[in-house]
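> Here you go, structure-v9.cif (mmCIF, C-alpha atoms):
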data_upload
loop_
_atom_site.group_PDB
_atom_site.id
_atom_site.type_symbol
_atom_site.label_atom_id
_atom_site.label_comp_id
_atom_site.auth_asym_id
_atom_site.auth_seq_id
_atom_site.Cartn_x
_atom_site.Cartn_y
_atom_site.Cartn_z
ATOM 1 C CA MET A 1 58.443 -76.025 -240.470
ATOM 2 C CA LYS A 2 57.022 -78.184 -237.685
ATOM 3 C CA LYS A 3 56.018 -80.893 -240.191
ATOM 4 C CA ALA A 4 59.552 -80.969 -241.634
ATOM 5 C CA ARG A 5 61.057 -81.616 -238.183
ATOM 6 C CA GLU A 6 58.564 -84.369 -237.448
ATOM 7 C CA TYR A 7 59.252 -85.943 -240.834
ATOM 8 C CA SER A 8 63.021 -85.967 -240.258
ATOM 9 C CA LYS A 9 62.577 -87.447 -236.757
ATOM 10 C CA ASN A 10 60.336 -90.223 -238.045
ATOM 11 C CA ASN A 11 62.622 -91.150 -240.956
ATOM 12 C CA LYS A 12 66.034 -91.339 -239.310
ATOM 13 C CA GLY A 13 66.597 -94.872 -240.612
ATOM 14 C CA ALA A 14 65.581 -94.055 -244.177
ATOM 15 C CA ILE A 15 69.092 -93.068 -245.264
ATOM 16 C CA SER A 16 70.436 -96.310 -243.813
ATOM 17 C CA THR A 17 67.950 -98.256 -245.906
ATOM 18 C CA VAL A 18 68.923 -96.367 -249.060
ATOM 19 C CA VAL A 19 72.617 -96.979 -248.411
ATOM 20 C CA LEU A 20 72.007 -100.658 -247.697
ATOM 21 C CA VAL A 21 69.928 -101.182 -250.849
ATOM 22 C CA THR A 22 72.459 -99.294 -252.986
ATOM 23 C CA THR A 23 75.357 -101.299 -251.553
ATOM 24 C CA LEU A 24 73.590 -104.609 -252.143
ATOM 25 C CA PHE A 25 72.705 -103.565 -255.687
ATOM 26 C CA MET A 26 76.319 -102.641 -256.462
ATOM 27 C CA LEU A 27 77.590 -105.854 -254.888
ATOM 28 C CA THR A 28 75.169 -107.910 -256.992
ATOM 29 C CA LEU A 29 76.117 -106.031 -260.141
ATOM 30 C CA LEU A 30 79.848 -106.456 -259.594
ATOM 31 C CA SER A 31 79.568 -110.157 -258.699
ATOM 32 C CA THR A 32 77.497 -110.831 -261.802
ATOM 33 C CA ALA A 33 80.029 -109.027 -263.984
ATOM 34 C CA TYR A 34 82.859 -111.028 -262.390
ATOM 35 C CA MET A 35 81.063 -114.343 -262.985
ATOM 36 C CA VAL A 36 80.347 -113.501 -266.625
ATOM 37 C CA ILE A 37 83.952 -112.474 -267.278
ATOM 38 C CA THR A 38 85.263 -115.611 -265.559
ATOM 39 C CA THR A 39 83.029 -117.838 -267.675
ATOM 40 C CA LEU A 40 84.120 -116.108 -270.880
ATOM 41 C CA ARG A 41 87.783 -116.428 -269.893
ATOM 42 C CA LYS A 42 87.420 -120.165 -269.211
ATOM 43 C CA SER A 43 85.842 -120.775 -272.617
ATOM 44 C CA GLN A 44 88.568 -118.691 -274.260
ATOM 45 C CA LEU A 45 91.279 -120.769 -272.582
ATOM 46 C CA LYS A 46 89.646 -124.003 -273.755
ATOM 47 C CA SER A 47 89.510 -122.632 -277.289
ATOM 48 C CA ASP A 48 93.167 -121.591 -277.138
ATOM 49 C CA ILE A 49 94.226 -125.063 -276.012
ATOM 50 C CA ALA A 50 92.226 -126.742 -278.773
ATOM 51 C CA THR A 51 93.678 -124.374 -281.400
ATOM 52 C CA LYS A 52 97.209 -125.022 -280.159
ATOM 53 C CA GLU A 53 96.692 -128.798 -280.416
ATOM 54 C CA VAL A 54 95.390 -128.524 -283.984
ATOM 55 C CA TYR A 55 98.323 -126.394 -285.123
ATOM 56 C CA GLU A 56 100.885 -128.629 -283.414
ATOM 57 C CA LYS A 57 99.339 -131.696 -285.009
ATOM 58 C CA ALA A 58 99.471 -130.116 -288.466
ATOM 59 C CA PHE A 59 103.051 -128.932 -287.852
ATOM 60 C CA ASN A 60 104.194 -132.422 -286.869
ATOM 61 C CA LEU A 61 102.732 -133.917 -290.061
ATOM 62 C CA LEU A 62 104.850 -131.714 -292.334
ATOM 63 C CA ASP A 63 107.854 -133.240 -294.049
ATOM 64 C CA PHE A 64 110.667 -130.736 -293.630
ATOM 65 C CA SER A 65 113.152 -132.637 -295.797
ATOM 66 C CA LYS A 66 111.620 -130.935 -298.847
ATOM 67 C CA PHE A 67 112.252 -127.487 -297.403
ATOM 68 C CA ILE A 68 116.005 -127.695 -296.854
ATOM 69 C CA ILE A 69 117.574 -124.729 -298.579
ATOM 70 C CA PHE A 70 121.225 -125.253 -297.697
ATOM 71 C CA LYS A 71 122.984 -128.586 -297.785
ATOM 72 C CA ILE A 72 126.001 -129.003 -295.635
ATOM 73 C CA PHE A 73 128.674 -130.801 -297.669
#
How does the structure come out when it is put into structure tokens?

Amino acid sequence: MKKAREYSKNNKGAISTVVLVTTLFMLTLLSTAYMVITTLRKSQLKSDIATKEVYEKAFNLLDFSKFIIFKIF
């Protein structure tokens, strides 16, 4: 019993260290996840813009005079 009391008196800062290390670990993990997601989102936006340009270019090259179904007088 006496050893347990001495141990708890000598290690009062141990819980603070555990909390600090855990907090830093979680902060690092969350920041890394945020950076990865941001990078993926940027590349996805670039891809979307390039795809949009390709489709608009192909759409503008079409000749719609062949596709008229109704003629007005």
> Would you mind reading off the distance between atom CA of A:Val36 and atom CA of A:Asp48, one decimal, in Å?
18.4 Å
> Could you please determine the separation between atom CA of A:Ile15 and atom CA of A:Thr32 in Å, to one decimal place?
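Distance reported for this atom pair: 25.7 Å.
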> Just how far from atom CA of A:Leu27 is atom CA of A:Lys46, in Å to one decimal?
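Atom CA of A:Leu27 lies 28.8 Å from atom CA of A:Lys46.
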